[in-house]
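Let me begin by presenting the structure, written as structure tokens, before commenting on it.
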Amino acid sequence: MAAGVCMHVSAQNQEDIFRYTNQKLLGSARTLGLGGAWGAVGADLSAASFNPAGLGLYRRNEFMGSIAVTSNISKTEYNGNLLSDSRTNFNIPNFGGAFTFIDQEMGKPKTKGIVGGTLAFGMNRINDFQSNILYSGTGKNTTVGNYLANQANGLDSSNMWSSDYDNTLFAQAWRFRLIDNNNSSNQYGSILDLLGDSSYSVRQYQQIQTRGKMNEWYAGGGLNVSNFLYLGASLVVQGIRFKSDRTYNETLTQSSASDQFPDYYKSAVITESLETTGSGVGGKFGVILRPVDFIRFGASFHTPVRLNLHDYYQNSLTMNYAKGDQYFEPGRRDEYQYQIITPAKVTASGTVVLGKFMILAADYERMDYRKGRIQSKDAFADFSNANQANRDIYGISETYKAGLEFAAGYTRLRAGYAVITSPYDEKYLSKSNGMKQVISAGFGWIYDNAYFFDFAVNDRIGKDYLTPYDGNPTTAINTHHQLNFTFGAGYRF
């Protein structure tokens, strides 16, 4: 979730670009146990989404899959109040199959030229949108009417009854006099400001529920050249399902003008519903070098993905007055189609394999979030402000991963750690506040050199910074944990 979350007014913006770019690869239980540091390890189906050259390290065919339980826990502090909420769900992080050939010469595996290769098909989950967040506190001399008045400024109020504005919150607010004209037909102010209320307080409450996922379906392959060079590529199709329900409630608790206006504004409830589906196609290319048997170096390039998205959205406003009058407008369920182009990603990795006893792995990822953009085939659509905001708010994020695996007989013990630097420009949010980290551990067991079972637990820890609407003077600090328990199994033959 982006910092400075504000209400949607039936428009796509930089939040949408960030949401589908800021991916969290879940993958197999084995890769998660090493903190995702898998770019040069290979021989796992997660390699198709990390570095497809790792597919060339397979020596046998394989079928595998994983199941997971994910718990998202949030604790949000706002104006001195702390509220907690959580969301737990069952999901399938990945599954697929790898089909390997080993070229032979005189009945023995070749050692020169193309000595083997692998084709792989399957799915890796790359994002999880499950969360419940709520916060509450008292705001002084601030109201959502200020935000909606700013949204309406410049538009002539004679058009506010037009059906074109039926699903816009600022038009609903004008119709119910949460905002009104301020000495001009195209300038507005909140009703509290227009009544001359110089000292008021409102109790603010917001609940945000998000659901959905991003899956990456892949068809990939890897080649083994002389047991020295490994090349790989994946064609990926990313599928998106996202749903968001936001409820904002404010109640006037103190007013310097209420005695002068017996039927004064008392409270407002705003609800926003958004459903997004879509898909996009991209490619991933990788290379691994093995200069000596126990050292590997890898690199990969993930192309931008053009996501074709379809939004369904609906906004509603309820207004309450002191004498008991209530006004409600549900808004119209509208839809819109557009595209988001995600930035490219580059990775570098290194692995030390000490026989059958230990693996030491490290990965580096780099993505420039400023390169993401939004566009539409609609001739009247103008996303220049959203794309400029994306360039202003975001920056370059780097991810550092490290993992360790010990082997003892048929048992594997794993641990990993990752640091994800802030994706925000430092003028917008400090590097320390935007940083996230992932702590991982796991174990594996191999039976009869064919069946394998893995378990991993990892905790993604970070903070989000939320405001109920743009211009609100106080920021809510949401400390969150995404805790994954992943169980994997497979068969090699």
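By order of appearance in the structure tokens: chains A, B, ..., then residues from 1 within every chain, and ligands from 1 in the order shown.
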
- request: Can you pull out every residue within 9 Å of region 472-484 of chain A, counting only C-alpha atoms, but drop anything in the same chain fewer than 6 positions away, and send it as a ChimeraX atom specification?
  value: /A:4,26,68-79,133,135-136,139-140,142-144,146-147,456-466

message: Would you pick out the contacts of Asn61 (chain A) at 8 Å or less, using only C-alpha atoms, so that residues sharing its chain but fewer than 5 positions from it are not included, and give the list as a PyMOL selection string?
response: chain A and resi 97-100+492-493

Picked from region 93-164 of chain A by DSSP as strand (DSSP E or B), as number ranges by chain: A: 94-102, 104-105, 108-109, 114-128, 131-140

query: If you measure from CA of Asn51 (chain A) to CA of Val346 (chain A), what distance in Å do you get, rounded to one decimal?
result: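 One can read the CA of Asn51 (chain A) to CA of Val346 (chain A) distance as 9.9 Å.
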
query: A:Ala152, A:Ala407, A:Ala257, A:Ile341: which is nearest Ser279 (chain A), counting only C-alpha atoms?
result: A:Ile341

Among listed residues A:Tyr364, A:Gln339, A:Pro468, A:Tyr200, nearest Ala381 (chain A) (using only C-alpha atoms):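 For Ala381 (chain A), the nearest of the candidates is A:Gln339.
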
field: Polymer residues at most 10 Å from Leu307 (chain A), only C-alpha atoms, same-chain spacing of 5 or more positions, as JSON, numbers by chain
entry: {"A": [20, 237, 238, 239, 240, 277, 278, 279, 280, 281, 282, 338, 339, 340, 341, 342, 374]}

Kindly save the residues from that selection, with N, CA and C atoms included, as an mmCIF file, in the first residue's frame.
data_model
loop_
_atom_site.group_PDB
_atom_site.id
_atom_site.type_symbol
_atom_site.label_atom_id
_atom_site.label_comp_id
_atom_site.auth_asym_id
_atom_site.auth_seq_id
_atom_site.Cartn_x
_atom_site.Cartn_y
_atom_site.Cartn_z
ATOM 1 N N TYR A 20 0.591 -2.757 -8.619
ATOM 2 C CA TYR A 20 0.867 -3.910 -9.485
ATOM 3 C C TYR A 20 2.336 -4.036 -9.859
ATOM 4 N N VAL A 237 2.700 -14.831 -18.208
ATOM 5 C CA VAL A 237 1.396 -14.166 -18.289
ATOM 6 C C VAL A 237 0.956 -13.870 -16.862
ATOM 7 N N GLN A 238 0.846 -12.604 -16.539
ATOM 8 C CA GLN A 238 0.450 -12.200 -15.189
ATOM 9 C C GLN A 238 -1.053 -11.934 -15.148
ATOM 10 N N GLY A 239 -1.708 -12.551 -14.173
ATOM 11 C CA GLY A 239 -3.137 -12.365 -13.993
ATOM 12 C C GLY A 239 -3.423 -11.654 -12.686
ATOM 13 N N ILE A 240 -4.368 -10.727 -12.707
ATOM 14 C CA ILE A 240 -4.656 -9.865 -11.553
ATOM 15 C C ILE A 240 -6.122 -9.973 -11.170
ATOM 16 N N THR A 277 -9.741 -6.413 -12.546
ATOM 17 C CA THR A 277 -9.245 -7.659 -13.130
ATOM 18 C C THR A 277 -8.396 -7.301 -14.344
ATOM 19 N N GLY A 278 -7.493 -8.192 -14.696
ATOM 20 C CA GLY A 278 -6.681 -7.922 -15.866
ATOM 21 C C GLY A 278 -5.545 -8.905 -16.021
ATOM 22 N N SER A 279 -4.782 -8.710 -17.078
ATOM 23 C CA SER A 279 -3.656 -9.597 -17.358
ATOM 24 C C SER A 279 -2.662 -8.873 -18.247
ATOM 25 N N GLY A 280 -1.462 -9.412 -18.306
ATOM 26 C CA GLY A 280 -0.417 -8.849 -19.148
ATOM 27 C C GLY A 280 0.652 -9.883 -19.444
ATOM 28 N N VAL A 281 1.421 -9.637 -20.492
ATOM 29 C CA VAL A 281 2.437 -10.586 -20.959
ATOM 30 C C VAL A 281 3.812 -9.939 -20.873
ATOM 31 N N GLY A 282 4.795 -10.712 -20.443
ATOM 32 C CA GLY A 282 6.171 -10.225 -20.378
ATOM 33 C C GLY A 282 7.160 -11.356 -20.572
ATOM 34 N N TYR A 338 -8.060 0.447 -18.974
ATOM 35 C CA TYR A 338 -6.822 1.204 -19.123
ATOM 36 C C TYR A 338 -5.653 0.225 -19.087
ATOM 37 N N GLN A 339 -4.442 0.755 -19.249
ATOM 38 C CA GLN A 339 -3.234 -0.067 -19.215
ATOM 39 C C GLN A 339 -2.226 0.520 -18.233
ATOM 40 N N ILE A 340 -1.502 -0.371 -17.579
ATOM 41 C CA ILE A 340 -0.348 0.020 -16.758
ATOM 42 C C ILE A 340 0.873 -0.718 -17.289
ATOM 43 N N ILE A 341 1.932 0.016 -17.514
ATOM 44 C CA ILE A 341 3.199 -0.576 -17.951
ATOM 45 C C ILE A 341 4.130 -0.571 -16.747
ATOM 46 N N THR A 342 4.501 -1.760 -16.293
ATOM 47 C CA THR A 342 5.357 -1.871 -15.109
ATOM 48 C C THR A 342 6.825 -1.667 -15.511
ATOM 49 N N ILE A 374 0.833 4.848 -16.645
ATOM 50 C CA ILE A 374 -0.544 4.466 -16.891
ATOM 51 C C ILE A 374 -1.012 5.154 -18.167
#

Write out, as CSV, each residue of region 257-346 of chain A that has an atom at most 10 Å from region 187-194 of chain A, together with the closest pair of atoms and their distance in Å to one decimal, counting only C-alpha atoms, rows going by chain and rising number.
residue,atom,partner,partner_atom,distance
A:Ala257,CA,A:Leu192,CA,8.3
A:Ser258,CA,A:Leu192,CA,9.6
A:Tyr264,CA,A:Leu192,CA,8.9
A:Tyr265,CA,A:Leu192,CA,7.8

List the neighbours of Ser201 (chain A) out to 7 Å using only C-alpha atoms; skip same-chain residues closer than 4 positions along the sequence, and give me the result as a PDB file with N, CA and C atoms, in the first residue's frame.
ATOM      1  N   THR A 138      -9.195  11.708  16.633  1.00  0.00           N
ATOM      2  CA  THR A 138      -9.874  12.998  16.571  1.00  0.00           C
ATOM      3  C   THR A 138      -9.042  13.990  15.785  1.00  0.00           C
ATOM      4  N   GLY A 139      -9.676  14.621  14.805  1.00  0.00           N
ATOM      5  CA  GLY A 139      -9.011  15.645  14.017  1.00  0.00           C
ATOM      6  C   GLY A 139      -9.509  17.024  14.396  1.00  0.00           C
ATOM      7  N   LYS A 140      -8.610  17.989  14.408  1.00  0.00           N
ATOM      8  CA  LYS A 140      -8.935  19.359  14.804  1.00  0.00           C
ATOM      9  C   LYS A 140      -8.966  20.252  13.576  1.00  0.00           C
ATOM     10  N   ASN A 141     -10.104  20.921  13.358  1.00  0.00           N
ATOM     11  CA  ASN A 141     -10.275  21.856  12.249  1.00  0.00           C
ATOM     12  C   ASN A 141      -9.934  21.220  10.903  1.00  0.00           C
ATOM     13  N   LEU A 252     -18.930  15.113  13.840  1.00  0.00           N
ATOM     14  CA  LEU A 252     -18.594  16.367  14.504  1.00  0.00           C
ATOM     15  C   LEU A 252     -18.793  16.211  16.010  1.00  0.00           C
ATOM     16  N   THR A 253     -17.730  16.428  16.783  1.00  0.00           N
ATOM     17  CA  THR A 253     -17.813  16.280  18.237  1.00  0.00           C
ATOM     18  C   THR A 253     -17.757  17.611  18.969  1.00  0.00           C
ATOM     19  N   GLN A 254     -17.261  18.660  18.300  1.00  0.00           N
ATOM     20  CA  GLN A 254     -17.178  19.983  18.918  1.00  0.00           C
ATOM     21  C   GLN A 254     -17.262  21.028  17.826  1.00  0.00           C
ATOM     22  N   SER A 255     -18.049  22.097  18.076  1.00  0.00           N
ATOM     23  CA  SER A 255     -18.222  23.119  17.057  1.00  0.00           C
ATOM     24  C   SER A 255     -18.479  24.456  17.710  1.00  0.00           C
TER      25      SER A 255
END

So that I can see what lies close to region 422-433 of chain A, please list as a tab-separated table (two decimals) with C-alpha atoms, in the first residue's frame the residues with an atom at most 8 Å from it, counting only C-alpha atoms and leaving out residues fewer than 4 positions away in the same chain.
chain	number	residue	atom	x	y	z
A	369	TYR	CA	9.50	2.66	-9.92
A	392	ASP	CA	7.69	12.60	-8.10
A	393	ILE	CA	6.70	10.19	-5.30
A	394	TYR	CA	8.66	7.06	-6.19
A	395	GLY	CA	12.28	6.27	-6.88
A	396	ILE	CA	14.68	3.34	-7.17
A	397	SER	CA	14.26	0.38	-4.82
A	398	GLU	CA	16.94	-2.24	-4.21
A	463	LYS	CA	5.32	0.30	7.74

- prompt: So how far away is CA of Val438 (chain A) from CA of Leu57 (chain A), in Å?
  reply: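 According to the coordinates, CA of Leu57 (chain A) and CA of Val438 (chain A) are separated by 26.7 Å.
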
- request: Skip region 349-360 of chain A itself and residues of its chain fewer than 6 positions away, then list as an NGL selection string all residues within 7 Å of it, counting only C-alpha atoms.
  value: :A and (39-41 or 294-299 or 403-408)

message: For region 209-226 of chain A, find every residue with an atom within 7 Å (counting only C-alpha atoms), except residues of its own chain fewer than 4 positions away, and show them as a PyMOL selection string.
response: chain A and resi 48+52-57+111-133+230-246

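Shortest separation to Leu413 (chain A) among A:Ala389, A:Ala441, A:Ile208, A:Ala171 occurs at residue A:Ala441, atoms counted being only C-alpha atoms.
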
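Straight-line separation from CA of Val202 (chain A) to CA of Asn249 (chain A): 9.6 Å.
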
message: Could you go through region 181-368 of chain A and tell me which residues DSSP, when run on the backbone, assigns to alpha helix (DSSP H), listing them as a list in words?
response: Ile191, Leu192, Asp193 and Leu194 of chain A

task: Choose the residue, out of A:Lys377, A:Arg30, A:Arg19, A:His310, that has the smallest atom-to-atom separation from Phe455 (chain A); count only C-alpha atoms.
output: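 Once distances to Phe455 (chain A) are computed over only C-alpha atoms, the minimum belongs to A:Arg30.
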